[in-house]
Each structure stands twice: as structure tokens, then as C-alpha cells.
file upload_39.txt (compact mmCIF, C-alpha atoms)
# COMPACT_ATOMS: atom_id res chain seq x y z
CA MET Y 1183 102.38 116.85 111.20
CA ALA Y 1184 99.84 117.70 108.49
CA GLY Y 1185 99.69 115.61 105.32
CA PRO Y 1186 98.09 116.56 102.03
CA ILE Y 1187 94.46 117.70 102.08
CA ARG Y 1188 92.19 114.68 101.49
CA VAL Y 1189 88.89 115.15 99.71
CA LEU Y 1190 86.01 112.86 98.79
CA MET Y 1191 84.31 113.57 95.46
CA SER Y 1192 80.95 111.87 94.99
CA LYS Y 1193 77.77 111.93 92.96
CA PRO Y 1194 74.75 111.14 95.10
CA GLY Y 1195 71.82 109.41 93.47
CA ILE Y 1196 71.21 108.43 89.89
CA ASP Y 1197 72.66 111.09 87.62
CA GLY Y 1198 75.00 110.20 84.80
CA HIS Y 1199 76.63 113.60 84.27
CA TRP Y 1200 80.17 112.51 84.92
CA ARG Y 1201 82.39 115.15 83.30
CA GLY Y 1202 82.17 117.86 85.95
CA ILE Y 1203 83.24 115.69 88.88
CA VAL Y 1204 86.14 114.23 86.88
CA VAL Y 1205 87.42 117.66 85.79
CA VAL Y 1206 87.20 119.14 89.28
CA SER Y 1207 88.78 116.02 90.85
CA ARG Y 1208 91.66 116.25 88.42
CA GLY Y 1209 92.07 119.95 89.23
CA LEU Y 1210 92.24 119.20 92.95
CA ARG Y 1211 94.76 116.42 92.30
CA ASP Y 1212 96.92 118.88 90.38
CA ALA Y 1213 96.67 121.27 93.31
CA GLY Y 1214 98.38 118.64 95.47
CA MET Y 1215 95.32 117.11 97.14
CA GLU Y 1216 94.56 113.43 97.60
CA VAL Y 1217 91.24 112.91 95.89
CA ILE Y 1218 89.20 109.86 96.89
CA PHE Y 1219 86.96 109.37 93.91
CA GLY Y 1220 83.65 108.04 95.22
CA GLY Y 1221 81.82 108.16 91.91
CA PHE Y 1222 78.13 107.25 92.17
CA GLN Y 1223 77.23 106.70 95.82
CA THR Y 1224 74.18 106.78 98.05
CA CYS Y 1225 74.16 109.45 100.74
CA GLU Y 1226 74.80 106.72 103.33
CA GLN Y 1227 77.84 105.48 101.38
CA ILE Y 1228 79.15 109.04 101.09
CA VAL Y 1229 79.08 109.58 104.85
CA GLU Y 1230 80.60 106.15 105.56
CA THR Y 1231 83.36 106.75 102.98
CA ALA Y 1232 84.15 110.18 104.40
CA ILE Y 1233 84.63 108.54 107.81
CA GLU Y 1234 86.78 105.62 106.58
CA GLU Y 1235 88.94 107.82 104.39
CA ASP Y 1236 89.20 110.51 107.08
CA VAL Y 1237 88.77 113.29 104.53
CA ASP Y 1238 88.86 117.01 105.16
CA MET Y 1239 86.26 117.89 102.55
CA ILE Y 1240 83.23 116.26 100.92
CA GLY Y 1241 82.40 117.44 97.40
CA LEU Y 1242 78.96 116.61 96.00
CA SER Y 1243 78.42 116.87 92.25
CA ILE Y 1244 74.74 117.02 91.37
CA HIS Y 1245 73.17 117.62 87.98
CA SER Y 1246 69.80 115.97 88.53
CA GLY Y 1247 67.96 118.95 90.01
CA ALA Y 1248 67.75 117.14 93.36
CA HIS Y 1249 70.62 119.10 94.93
CA ILE Y 1250 68.58 120.37 97.86
CA GLY Y 1251 67.26 116.93 98.79
CA TYR Y 1252 70.62 115.17 98.55
CA THR Y 1253 72.57 117.88 100.35
CA LYS Y 1254 70.01 117.88 103.16
CA ARG Y 1255 70.17 114.08 103.40
CA VAL Y 1256 73.98 114.10 103.67
CA VAL Y 1257 73.91 116.84 106.33
CA ASP Y 1258 71.18 114.98 108.27
CA LEU Y 1259 73.22 111.76 108.23
CA LEU Y 1260 76.30 113.65 109.43
CA LYS Y 1261 74.23 115.17 112.26
CA GLU Y 1262 72.90 111.73 113.22
CA LYS Y 1263 76.46 110.52 113.64
CA GLY Y 1264 77.51 113.61 115.56
CA LEU Y 1265 79.74 114.68 112.69
CA ASN Y 1266 78.17 117.99 111.83
CA GLY Y 1267 80.94 120.43 110.98
CA HIS Y 1268 83.63 117.73 110.80
CA PHE Y 1269 83.93 118.02 107.05
CA LEU Y 1270 83.99 121.01 104.78
CA LEU Y 1271 80.98 120.42 102.50
CA LEU Y 1272 81.00 121.78 98.95
CA VAL Y 1273 78.28 121.32 96.36
CA GLY Y 1274 78.69 121.77 92.62
CA GLY Y 1275 76.92 121.06 89.36
CA ALA Y 1276 73.98 122.35 87.37
CA ILE Y 1277 72.58 124.43 90.20
CA PRO Y 1278 70.57 127.63 89.67
CA SER Y 1279 72.04 130.58 91.55
CA LYS Y 1280 68.75 131.14 93.37
CA ASP Y 1281 69.40 127.89 95.26
CA PHE Y 1282 72.91 128.80 96.43
CA GLU Y 1283 71.70 130.44 99.65
CA VAL Y 1284 69.30 127.56 100.35
CA LEU Y 1285 72.18 125.05 100.12
CA LYS Y 1286 74.37 127.21 102.36
CA GLU Y 1287 71.60 127.35 104.95
CA ILE Y 1288 71.41 123.55 104.87
CA GLY Y 1289 75.13 123.29 105.53
CA ALA Y 1290 77.18 123.68 102.33
CA ALA Y 1291 80.24 125.85 102.91
CA ASN Y 1292 80.07 126.98 99.30
CA VAL Y 1293 78.30 126.19 96.00
CA TYR Y 1294 79.81 126.08 92.52
CA GLY Y 1295 77.55 126.37 89.48
CA PRO Y 1296 78.46 126.20 85.80
CA GLY Y 1297 81.42 128.41 84.86
CA SER Y 1298 83.13 128.12 88.24
CA LEU Y 1299 86.93 128.20 88.13
CA ILE Y 1300 88.97 125.38 89.64
CA LYS Y 1301 91.50 127.84 91.06
CA ASP Y 1302 88.70 129.46 93.09
CA ILE Y 1303 87.61 126.06 94.42
CA VAL Y 1304 91.20 125.20 95.34
CA ALA Y 1305 91.71 128.54 97.09
CA PHE Y 1306 88.47 128.13 99.04
CA ILE Y 1307 89.37 124.61 100.20
CA LYS Y 1308 92.89 125.60 101.23
CA GLU Y 1309 91.55 128.53 103.19
CA HIS Y 1310 88.78 126.66 104.98
CA VAL Y 1311 90.14 123.17 105.67
CA LYS Y 1312 90.98 122.86 109.34
CA LYS Y 1313 94.50 121.50 109.36
CA MET M 372 85.93 119.03 115.72
CA ARG M 373 88.17 116.16 114.81
CA THR M 374 90.48 115.08 117.56
CA ASP M 375 94.20 114.44 117.34
CA ASN M 376 94.47 113.52 121.01
CA LEU M 377 96.25 110.18 120.99
CA GLU M 378 95.02 108.87 124.35
CA GLU M 379 91.42 109.64 123.41
CA LEU M 380 91.78 108.07 119.96
CA ILE M 381 93.35 104.89 121.33
CA ALA M 382 90.62 104.52 123.96
CA LYS M 383 88.00 104.79 121.22
CA PHE M 384 89.99 102.51 118.93
CA LYS M 385 89.94 99.82 121.63
CA GLN M 386 86.14 100.10 121.64
CA LYS M 387 86.23 99.34 117.89
CA ASP M 388 85.34 102.89 116.85
CA ARG M 389 85.82 103.12 113.07
CA ARG M 390 86.37 106.88 113.18
CA ALA M 391 89.24 106.42 115.62
CA LEU M 392 90.77 103.79 113.31
CA ALA M 393 90.42 106.14 110.33
CA ARG M 394 92.00 109.03 112.21
CA LEU M 395 94.90 106.95 113.51
CA ILE M 396 95.62 105.78 109.95
CA SER M 397 95.94 109.43 108.85
CA LEU M 398 98.13 110.38 111.78
CA ILE M 399 100.53 107.48 111.20
CA GLU M 400 100.52 108.08 107.45
CA ASN M 401 101.50 111.71 108.04
CA ASP M 402 104.07 111.08 110.76
CA PRO M 403 105.88 107.72 110.79
CA GLU M 404 107.41 108.50 114.18
CA LEU M 405 103.93 108.43 115.68
CA ALA M 406 103.49 104.70 114.98
CA GLY M 407 105.87 103.90 117.84
CA LYS M 408 103.74 105.87 120.30
CA VAL M 409 100.55 104.20 119.06
CA PHE M 410 101.78 100.62 119.15
CA LYS M 411 103.00 100.99 122.74
CA HIS M 412 99.33 100.58 123.66
CA PHE M 413 98.85 97.17 122.04
CA ASN M 414 100.48 93.86 122.70
CA LYS M 415 98.50 91.69 120.33
CA PRO M 416 100.48 89.11 118.37
CA ASN M 417 100.56 89.37 114.59
CA ASP M 418 97.86 86.98 113.60
CA ALA M 419 96.03 88.66 110.74
CA TYR M 420 96.68 87.01 107.42
CA ILE M 421 97.98 89.42 104.79
CA ILE M 422 96.98 88.91 101.17
CA GLY M 423 98.83 91.04 98.61
CA ILE M 424 97.24 91.80 95.27
CA THR M 425 99.36 93.14 92.46
CA GLY M 426 99.42 93.40 88.69
CA PRO M 427 99.34 96.01 85.93
CA PRO M 428 96.87 98.95 85.97
CA GLY M 429 93.41 98.08 84.75
CA VAL M 430 93.55 94.30 85.14
CA GLY M 431 90.73 94.30 87.69
CA LYS M 432 92.53 94.24 91.05
CA SER M 433 90.01 96.43 92.86
CA THR M 434 86.99 94.67 91.35
CA LEU M 435 88.48 91.33 92.33
CA ILE M 436 88.97 92.59 95.91
CA ASN M 437 85.33 93.64 95.97
CA GLN M 438 84.35 90.02 95.23
CA LEU M 439 86.97 88.45 97.49
CA ALA M 440 86.19 90.64 100.48
CA GLN M 441 82.44 90.06 100.19
CA LYS M 442 82.85 86.29 100.09
CA LEU M 443 85.31 86.29 102.98
CA ALA M 444 82.98 88.53 105.00
CA GLU M 445 80.14 86.07 104.35
CA GLU M 446 82.35 83.42 105.95
CA GLY M 447 82.44 85.62 109.05
CA LYS M 448 85.90 87.13 108.56
CA ARG M 449 86.71 90.71 109.44
CA ILE M 450 88.66 92.37 106.68
CA GLY M 451 90.84 95.45 106.37
CA ILE M 452 91.67 96.67 102.88
CA ILE M 453 94.46 99.05 101.84
CA SER M 454 94.38 100.15 98.21
CA ILE M 455 97.33 102.17 97.00
CA ASP M 456 97.35 104.46 93.98
CA PRO M 457 100.27 106.63 92.86
CA SER M 458 100.93 110.19 93.99
CA SER M 459 101.81 112.69 91.31
CA PRO M 460 105.58 113.31 91.17
CA PHE M 461 104.77 116.92 90.21
CA SER M 462 101.96 118.12 92.46
CA GLY M 463 102.11 115.48 95.21
CA GLY M 464 98.38 115.06 94.72
CA ALA M 465 96.68 111.79 93.89
CA PHE M 466 93.52 110.50 92.27
CA LEU M 467 92.50 107.51 94.36
CA GLY M 468 90.01 105.63 92.22
CA ASP M 469 89.94 102.10 93.66
CA ARG M 470 86.94 102.72 95.78
CA ILE M 471 84.45 102.99 92.93
CA ARG M 472 85.02 99.29 92.17
CA MET M 473 84.16 98.31 95.73
CA SER M 474 80.64 99.59 96.22
CA GLY M 475 79.33 96.23 97.43
CA LEU M 476 81.35 96.09 100.63
CA GLN M 477 79.50 95.44 103.90
CA GLN M 478 80.31 98.14 106.36
CA ASP M 479 80.27 96.19 109.60
CA LYS M 480 82.86 93.57 108.63
CA ILE M 481 85.03 95.44 106.16
CA PHE M 482 87.13 98.59 106.47
CA MET M 483 88.55 100.02 103.28
CA ARG M 484 91.17 102.73 103.04
CA SER M 485 92.65 104.36 99.93
CA MET M 486 96.27 105.42 100.25
CA ALA M 487 98.51 107.45 97.99
CA SER M 488 102.03 106.14 97.40
CA ARG M 489 103.51 109.51 98.51
CA GLY M 490 106.78 109.07 96.71
CA ALA M 491 107.44 105.40 97.54
CA VAL M 492 108.37 103.46 94.43
CA GLY M 493 108.07 99.77 95.33
CA GLY M 494 104.32 99.60 94.72
CA LEU M 495 103.35 100.28 98.35
CA SER M 496 103.47 103.40 100.52
CA ARG M 497 105.80 103.97 103.45
CA ALA M 498 103.05 103.45 106.04
CA THR M 499 101.51 100.30 104.53
CA PHE M 500 103.09 97.95 107.07
CA ASP M 501 102.07 100.20 109.97
CA ILE M 502 98.48 100.24 108.77
CA CYS M 503 98.50 96.43 108.48
CA LEU M 504 99.51 96.31 112.16
CA LEU M 505 96.81 98.81 113.02
CA TYR M 506 94.18 96.64 111.28
CA GLU M 507 95.45 93.63 113.20
CA ALA M 508 95.16 95.51 116.47
CA PHE M 509 91.62 96.47 115.46
CA GLY M 510 90.76 92.78 115.23
CA MET M 511 90.87 92.14 111.49
CA ASP M 512 91.31 88.48 110.50
CA ILE M 513 92.49 89.31 107.02
CA VAL M 514 94.28 92.32 105.55
CA ILE M 515 94.15 92.78 101.80
CA VAL M 516 96.83 95.05 100.34
CA GLU M 517 96.36 96.24 96.77
CA THR M 518 99.55 97.67 95.26
CA VAL M 519 99.65 100.49 92.76
CA GLY M 520 99.20 99.29 89.21
CA ALA M 521 102.50 97.49 88.88
CA GLY M 522 104.77 97.19 85.89
CA GLN M 523 107.63 94.75 85.99
CA SER M 524 109.56 95.50 89.13
CA GLU M 525 107.29 96.82 91.89
CA VAL M 526 107.85 93.77 94.08
CA GLU M 527 107.91 95.27 97.58
CA VAL M 528 104.64 93.49 98.41
CA LEU M 529 106.67 90.26 98.37
CA HIS M 530 108.14 91.25 101.73
CA LEU M 531 104.83 92.27 103.22
CA ALA M 532 102.19 89.72 102.25
CA ASP M 533 101.72 86.09 103.27
CA THR M 534 100.01 85.12 100.04
CA ILE M 535 100.51 87.13 96.86
CA LEU M 536 98.12 87.15 93.95
CA VAL M 537 99.54 88.44 90.68
CA ILE M 538 96.68 89.45 88.41
CA ASN M 539 97.00 89.37 84.66
CA VAL M 540 94.62 89.61 81.75
CA PRO M 541 94.62 88.25 78.20
CA GLY M 542 96.39 90.33 75.56
CA LEU M 543 99.30 91.81 77.50
CA GLY M 544 102.02 89.96 75.64
CA ASP M 545 103.36 86.65 74.49
CA SER M 546 105.12 83.82 76.28
CA ILE M 547 108.41 85.77 76.41
CA GLN M 548 106.78 88.29 78.76
CA CYS M 549 106.04 85.41 81.12
CA GLN M 550 109.73 84.44 81.22
CA LYS M 551 110.94 87.76 82.57
CA ALA M 552 112.12 88.22 86.12
CA GLY M 553 110.27 90.46 88.52
CA ILE M 554 106.63 90.67 89.30
CA ILE M 555 105.56 87.48 87.56
CA GLU M 556 107.88 85.48 89.81
CA ILE M 557 106.44 86.71 93.09
CA GLY M 558 102.91 85.34 92.64
CA ASP M 559 101.88 82.51 94.94
CA ILE M 560 98.76 82.35 92.86
CA LEU M 561 98.57 83.63 89.30
CA VAL M 562 95.18 84.98 88.38
CA VAL M 563 94.10 85.44 84.79
CA ASN M 564 91.20 87.84 85.12
CA LYS M 565 88.66 88.92 82.47
CA LYS M 566 88.13 85.29 81.59
CA ASP M 567 85.41 86.35 79.17
CA LEU M 568 88.07 87.96 76.96
CA GLY M 569 89.72 84.59 76.30
CA GLY M 570 92.01 83.92 79.24
CA GLU M 571 92.39 80.25 78.36
CA GLU M 572 95.41 80.75 76.14
CA ILE M 573 97.48 82.76 78.61
CA ALA M 574 96.47 80.43 81.46
CA VAL M 575 97.83 77.47 79.47
CA GLN M 576 101.04 79.40 78.69
CA LEU M 577 101.56 80.25 82.35
CA ASP M 578 100.89 76.66 83.35
CA LEU M 579 103.48 75.38 80.89
CA ILE M 580 106.07 77.88 82.06
CA LEU M 581 105.44 77.02 85.71
CA ASP M 582 105.90 73.36 84.90
CA ASP M 583 109.36 74.26 83.58
CA ALA M 584 110.28 76.46 86.51
CA VAL M 585 111.48 73.63 88.72
CA MET M 586 114.26 75.69 90.30
CA TYR M 587 111.92 78.36 91.55
CA ILE M 588 109.34 75.94 92.87
CA GLY M 589 112.09 73.95 94.58
CA GLN M 590 112.70 76.78 97.07
CA THR M 591 109.29 76.64 98.67
CA GLY M 592 107.81 73.40 97.42
CA TRP M 593 104.82 75.35 96.18
CA ARG M 594 103.77 75.25 92.55
CA PRO M 595 101.69 78.41 91.98
CA PRO M 596 98.31 77.50 90.58
CA VAL M 597 96.81 79.48 87.72
CA VAL M 598 93.22 80.55 88.37
CA GLN M 599 90.94 82.07 85.77
CA THR M 600 88.43 84.60 87.05
CA ASN M 601 85.83 87.08 85.96
CA SER M 602 85.79 89.67 88.70
CA ILE M 603 82.55 91.23 87.50
CA SER M 604 80.45 88.07 87.38
CA GLY M 605 82.31 86.46 90.27
CA GLU M 606 83.27 83.40 88.23
CA GLY M 607 86.33 81.63 89.65
CA ILE M 608 86.30 83.51 92.97
CA ASP M 609 85.45 80.42 95.03
CA GLU M 610 88.31 78.54 93.41
CA LEU M 611 90.62 81.49 94.08
CA ILE M 612 89.70 81.55 97.78
CA GLU M 613 90.28 77.80 97.97
CA GLU M 614 93.77 78.28 96.50
CA ILE M 615 94.52 81.07 98.97
CA TRP M 616 93.73 78.72 101.87
CA ASN M 617 95.72 75.94 100.21
CA HIS M 618 98.71 78.24 100.03
CA LYS M 619 98.22 79.37 103.62
CA GLU M 620 98.17 75.75 104.80
CA HIS M 621 101.26 74.97 102.75
CA ILE M 622 103.34 77.83 104.13
CA GLU M 623 102.18 77.19 107.68
CA LEU M 624 103.17 73.53 107.54
CA ALA M 625 106.48 74.25 105.82
CA GLY M 626 107.40 76.92 108.39
CA ILE M 627 107.48 79.56 105.65
CA LEU M 628 104.79 81.74 107.24
CA GLU M 629 106.92 82.17 110.34
CA GLN M 630 109.95 83.04 108.20
CA LYS M 631 107.92 85.59 106.26
CA ARG M 632 106.69 87.24 109.45
CA GLN M 633 110.23 87.41 110.80
CA LYS M 634 111.53 88.77 107.51
CA ARG M 635 109.03 91.59 107.42
CA LEU M 636 109.80 92.61 110.99
CA LYS M 637 113.49 92.63 110.12
CA ASP M 638 112.82 94.71 106.99
CA LYS M 639 110.74 97.13 109.01
CA LEU M 640 113.50 97.45 111.60
CA ILE M 641 116.05 98.27 108.91
CA ALA M 642 113.67 100.73 107.24
CA LEU M 643 113.12 102.49 110.57
CA ILE M 644 116.85 102.72 111.25
CA GLN M 645 117.42 104.18 107.80
CA PHE M 646 114.59 106.63 108.29
CA LYS M 647 115.80 107.79 111.70
CA ILE M 648 119.43 108.21 110.70
CA LEU M 649 118.62 109.90 107.43
CA ASN M 650 116.19 112.19 109.20
CA TYR M 651 118.86 113.18 111.72
CA VAL M 652 121.44 113.85 109.02
CA MET M 653 119.03 115.84 106.89
CA GLN M 654 117.99 117.98 109.84
CA HIS M 655 121.29 118.53 111.61
CA ILE M 656 124.10 118.19 109.09
CA TYR M 657 122.84 118.58 105.56
CA PRO M 658 121.50 122.17 105.88
CA THR M 659 125.00 123.61 106.51
CA ILE M 660 126.47 121.55 103.67
CA GLU M 661 123.74 122.80 101.38
CA LYS M 662 124.68 126.40 102.14
CA THR M 663 128.43 125.97 101.98
CA LYS M 664 129.28 123.18 99.58
CA LEU M 665 126.45 122.53 97.17
CA ASN M 666 127.41 125.34 94.81
CA ASN M 667 130.98 124.11 94.84
CA ILE M 668 129.74 120.72 93.72
CA TYR M 669 127.83 122.35 90.89
CA GLU M 670 130.95 124.27 89.89
CA ASN M 671 133.07 121.12 89.98
CA LYS M 672 135.26 122.32 92.87
CA TYR M 673 134.22 119.36 95.04
CA ASN M 674 132.90 116.04 93.94
CA VAL M 675 129.76 114.48 95.42
CA TYR M 676 131.65 111.49 96.82
CA ASP M 677 133.99 113.60 98.97
CA VAL M 678 131.14 115.74 100.24
CA ALA M 679 129.10 112.66 101.14
CA GLN M 680 132.11 111.31 103.02
CA SER M 681 132.52 114.57 104.94
CA ILE M 682 128.83 114.51 105.90
CA TYR M 683 129.35 110.98 107.19
CA ASN M 684 132.43 112.12 109.15
CA ASP M 685 130.50 115.05 110.65
CA PHE M 686 127.72 112.67 111.67
CA PHE M 687 130.23 110.43 113.37
CA SER M 688 131.97 113.17 115.27
CA GLN M 689 128.60 114.54 116.43
CA LEU M 690 127.80 111.08 117.77
CA LYS M 691 131.09 110.99 119.68
CA GLY M 692 130.41 114.45 121.05
CA ARG M 693 127.05 113.25 122.35
CA GLU M 694 128.61 110.31 124.14
CA SER M 695 131.19 112.31 126.09
call {"tool": "encode", "arguments": {"input": "upload_39.txt", "output": "C-alpha cells"}}
result
Amino acid sequence: MAGPIRVLMSKPGIDGHWRGIVVVSRGLRDAGMEVIFGGFQTCEQIVETAIEEDVDMIGLSIHSGAHIGYTKRVVDLLKEKGLNGHFLLLVGGAIPSKDFEVLKEIGAANVYGPGSLIKDIVAFIKEHVKK
Amino acid sequence: MRTDNLEELIAKFKQKDRRALARLISLIENDPELAGKVFKHFNKPNDAYIIGITGPPGVGKSTLINQLAQKLAEEGKRIGIISIDPSSPFSGGAFLGDRIRMSGLQQDKIFMRSMASRGAVGGLSRATFDICLLYEAFGMDIVIVETVGAGQSEVEVLHLADTILVINVPGLGDSIQCQKAGIIEIGDILVVNKKDLGGEEIAVQLDLILDDAVMYIGQTGWRPPVVQTNSISGEGIDELIEEIWNHKEHIELAGILEQKRQKRLKDKLIALIQFKILNYVMQHIYPTIEKTKLNNIYENKYNVYDVAQSIYNDFFSQLKGRES
């Protein structure tokens, strides 16, 4: 029996831009998902939280310019624990479009820059979460 | 890929695999019938101590748990936490925000899980008791259950926890608020958090009221202490832990702990019976009624009481049919 989709929304590193993650989290809540709001977390905390909360998706919100480094760190930690591919990984924030492909090569299923629509994010998650 | 294979998960769970624990929580949360299959594999007695934490939204429950759990972990205890936040009555979704107050938790001794209430209204979720048992089977010494932000009547935690902390803060009302029935009565320990905002006054009020409440105290012989805390600085946490152990000792000696454990098993049994019977009726009898009679109810041709009675009669005759 499948329950609601569970997602973890986190901001890795030190980056105070809070609005985006709150708006998207609220949108996912309104789409019927259970959103575990991680807030500011280290990459290690993000991976540990995703395990404890048994989420389907990890959402990283990054506005610091360090999106490649943090995304790579999270994917590396998941690989170390043998969890590569367990979670749908989405990255969003102030990310230049030229980096989208780089993030996807690292392991992000999709990337959402400024101007992204919540309904597109919801549709993507619903389509790709393995339930 | 994530596994849903029960045998495999239970084998890993017995080796203290946190991922297996996390996955089993989800499976039981999604399918209450599964709990029976899972618990067949364990025969551990119920010896984890359950601490319930309740109080209005924003009083500092999660932050207090962060402090409590860290201190208890330093004493060598293994701790399972369940924090419940409400599900939306419209979308079914939930924003589970307790975790951001608990960033200091040590991973090896503490397991924290956020749960959505999923339509339950008593301040807990339907699977809370099952998850407490699962934590016990995992070897937790203490389970901390944080209710949804409670108003006046979300008192279900009373039937689940061994020691209940009701958290309050200065500025929520006058002494009349403290006289009302409901949540304020269920606290074994009353905590006035955010001490820095002037908790002295309300602590004195509560103390005076408790002195008057002889009747209530007479039932258990326990006079709830009032503890002032600051869950950010950690002030008062040691005193709070001391009071928790005092209460534990009191209820153990008075035989109340045993009664509580029996009561919650009895409650669970009744809840399971209700669930199973209702489930049967909704699957096998209600669908036909919905098609044939519901419109007639709307149009005032039947009344709801008669239809409910006929559903009950159908249920009964189906049971008889099964016997023969």
C-alpha cells in the first residue's frame, strides 16, 4: 500500500536565501506530499535525514553559487552508503542554465532555476518517484 | 532500489540497520494491517519508557526535545523520537518542520522520525503506538513522542505515554485558562518554557492551582511539579530530567506504570477491532448502500439512522452466512 510521497527539502551549507525553499515546500505540501523540512543542513545531515525519514525525493535549494560542489558531495555520500539511485534528487535555486547539464551528469534528476513553475516540479516528482 | 521485502527488512532490522527501521516505519504507517506481520518476529517485552510531549504550537516542544534527547544520550540511553505535525485536511499533504529544531542530535544513539497526523485528530497519528513498539524492538531505552501543536483537547497522548510533559509559555492567558479541563490536566510535569520571557508569573499561578487541585492529585498521589526551562540555552533541562525520573519512580512504585501499559494495550486492541470491522463494512457492505440508498437519504426518503441499522443487519447476516 503506497502512502503519500515523502520529500526532504534542505539547504546545504551556509546560504541564507530562505524564500525559495519555503515556497516550493509549501507547493509540494499543497500537492499532497509530506514535506520534511530540513532547513539548513550539512551534506552529511541531509543524507542521514533522508535515510531516517525514508523519503522518496531529496530537494536541494542552493543560492550560494556552490551548487556543483554540494550536489557532488551529496551524491558521493549516497554512493558511499550504497544508496545511489535510492532517492530522486532535484536541485533548485539561483543556478545558471549552463550548469544544468553538469548537475545532471553528477546525479540530479532535474534542475530548477529562477522562474520555474511549482506545477512542473510536482508533475516531474509524481512521474519519477518509484512507488 | 529500496526493498519492501519483509523477511529481508526484518533480518536487517535485527542487525540494527537504521535503513531497515526507517523503511518498516513507512510500511506500517501506510498499511496498519502490516504491523501484525512485523511484530510476529519479535517477542521482546515492552520495556522502553515513553515520554509524551504536548502543548500549543510554537511553545518550543521540538527545541526542548533536542535538549532532552542530547542529555539522555550523554547518559548512554538510546532514544527514538516521533514528532507529529498535522496533515492538511484539503490536500492530505503536510509540512513537517520539527526536524529543523533538532540539528544537534547524535546519530548513533538517537533516531528521529517526522510523522504526519494523516487525518487523526487526537494529537497523534494512527501508527504512533506501532512505531513506539518498533522502536522498543530496535532496542531503544526511551521513546519521545511529540504531539501536534495541541489546543485544549488533543489528549490522546495520555493513553500512550508513561510520563507526559505539558509545555506552556508566558503570555497565553490568565489563571482562568489554567482552570479549564483538557490538556492542562494531563501533564505529569508542567513545563513553562521560554523562561527568559518572564515565566515566573505563570509558574507561580500553576503552582497555586495545583495546590488547590487536591481531588485530581488524590487519584495518583502525584503532585505535578512545575519546571521552568529555556530550551535554547538549556536552562532547567537537568531539573526537568530529574523530575521525569522522579515521576517514573513514583508510578513504578505505585503500580501505575503497569496499569498504564495494560490500558494502552487494551486501547490498541479496541482500536484494531474497530479498524478491522469498519474496514470490512466499508469494503463489502457500504459500496452497495452508496449506490442504492445514499441519494434517497439526500432526498429525505430514508433517514440515516434506518440506513445505518440496515447496514448493521446486513453485516450480521453476512457473518451468519460465513459460519454455516
call {"tool": "interface_residues", "arguments": {"input": "upload_39.txt", "of": "chain Y", "to": "chain M", "cutoff": "7 Å", "atoms": "all atoms listed in the file", "output": "list in words"}}
result
Met1183, Ala1184, Gly1185, Arg1211, Asp1212, Ala1213, Gly1214, Met1215, Glu1216, Val1217, Ile1218, Phe1219, Gly1220, Gly1221, Ile1233, Glu1234, Glu1235, Asp1236 and His1268 of chain Y
call {"tool": "residues_near_point", "arguments": {"input": "upload_39.txt", "point": "(83.2, 125.3, 92.2)", "cutoff": "10 Å", "atoms": "all atoms listed in the file", "output": "ChimeraX atom specification"}}
result
/Y:1202,1206,1241,1243,1272-1275,1292-1304,1306
call {"tool": "residues_around", "arguments": {"input": "upload_39.txt", "residues": "Glu1226 (chain Y)", "least_positions_apart": "3", "cutoff": "8 Å", "atoms": "only C-alpha atoms", "output": "PyMOL selection string"}}
result
chain Y and resi 1223+1229-1230+1256+1259
call {"tool": "residues_around", "arguments": {"input": "upload_39.txt", "residues": "region 441-454 of chain M", "least_positions_apart": "3", "cutoff": "9 Å", "atoms": "all atoms listed in the file", "output": "JSON list (two decimals) with C-alpha atoms, in the frame of the given file"}}
result
[["chain", "number", "residue", "atom", "x", "y", "z"],
["M", 433, "SER", "CA", 90.01, 96.43, 92.86],
["M", 436, "ILE", "CA", 88.97, 92.59, 95.91],
["M", 437, "ASN", "CA", 85.33, 93.64, 95.97],
["M", 438, "GLN", "CA", 84.35, 90.02, 95.23],
["M", 467, "LEU", "CA", 92.50, 107.51, 94.36],
["M", 469, "ASP", "CA", 89.94, 102.10, 93.66],
["M", 470, "ARG", "CA", 86.94, 102.72, 95.78],
["M", 475, "GLY", "CA", 79.33, 96.23, 97.43],
["M", 476, "LEU", "CA", 81.35, 96.09, 100.63],
["M", 477, "GLN", "CA", 79.50, 95.44, 103.90],
["M", 479, "ASP", "CA", 80.27, 96.19, 109.60],
["M", 480, "LYS", "CA", 82.86, 93.57, 108.63],
["M", 481, "ILE", "CA", 85.03, 95.44, 106.16],
["M", 482, "PHE", "CA", 87.13, 98.59, 106.47],
["M", 483, "MET", "CA", 88.55, 100.02, 103.28],
["M", 484, "ARG", "CA", 91.17, 102.73, 103.04],
["M", 485, "SER", "CA", 92.65, 104.36, 99.93],
["M", 486, "MET", "CA", 96.27, 105.42, 100.25],
["M", 487, "ALA", "CA", 98.51, 107.45, 97.99],
["M", 495, "LEU", "CA", 103.35, 100.28, 98.35],
["M", 499, "THR", "CA", 101.51, 100.30, 104.53],
["M", 502, "ILE", "CA", 98.48, 100.24, 108.77],
["M", 503, "CYS", "CA", 98.50, 96.43, 108.48],
["M", 506, "TYR", "CA", 94.18, 96.64, 111.28],
["M", 507, "GLU", "CA", 95.45, 93.63, 113.20],
["M", 510, "GLY", "CA", 90.76, 92.78, 115.23],
["M", 511, "MET", "CA", 90.87, 92.14, 111.49],
["M", 512, "ASP", "CA", 91.31, 88.48, 110.50],
["M", 513, "ILE", "CA", 92.49, 89.31, 107.02],
["M", 514, "VAL", "CA", 94.28, 92.32, 105.55],
["M", 515, "ILE", "CA", 94.15, 92.78, 101.80],
["M", 516, "VAL", "CA", 96.83, 95.05, 100.34],
["M", 517, "GLU", "CA", 96.36, 96.24, 96.77],
["M", 518, "THR", "CA", 99.55, 97.67, 95.26],
["M", 519, "VAL", "CA", 99.65, 100.49, 92.76],
["M", 608, "ILE", "CA", 86.30, 83.51, 92.97],
["M", 609, "ASP", "CA", 85.45, 80.42, 95.03],
["M", 612, "ILE", "CA", 89.70, 81.55, 97.78]]
call {"tool": "atom_distance", "arguments": {"input": "upload_39.txt", "atom1": "CA of Met1239 (chain Y)", "atom2": "CA of Met1191 (chain Y)"}}
result
8.5 Å
call {"tool": "atom_distance", "arguments": {"input": "upload_39.txt", "atom1": "CA of Ile656 (chain M)", "atom2": "CA of Gly490 (chain M)"}}
result
23.2 Å
call {"tool": "residues_around", "arguments": {"input": "upload_39.txt", "residues": "Gly1267 (chain Y)", "least_positions_apart": "4", "cutoff": "12 Å", "atoms": "only C-alpha atoms", "output": "PyMOL selection string"}}
result
(chain Y and resi 1238-1240+1256-1261+1263+1271+1288-1291+1310-1312) or (chain M and resi 372-373)
call {"tool": "atom_distance", "arguments": {"input": "upload_39.txt", "atom1": "CA of Gln1227 (chain Y)", "atom2": "CA of Ile1196 (chain Y)"}}
result
13.6 Å
call {"tool": "closest_residue", "arguments": {"input": "upload_39.txt", "among": "Y:Gly1251, Y:Asn1266, Y:Thr1224, Y:Ser1207", "to": "Pro1194 (chain Y)", "atoms": "only C-alpha atoms"}}
result
Y:Thr1224
call {"tool": "residues_around", "arguments": {"input": "upload_39.txt", "residues": "Leu568 (chain M)", "least_positions_apart": "5", "cutoff": "10 Å", "atoms": "all atoms listed in the file", "output": "number ranges by chain"}}
result
M: 540-542, 601
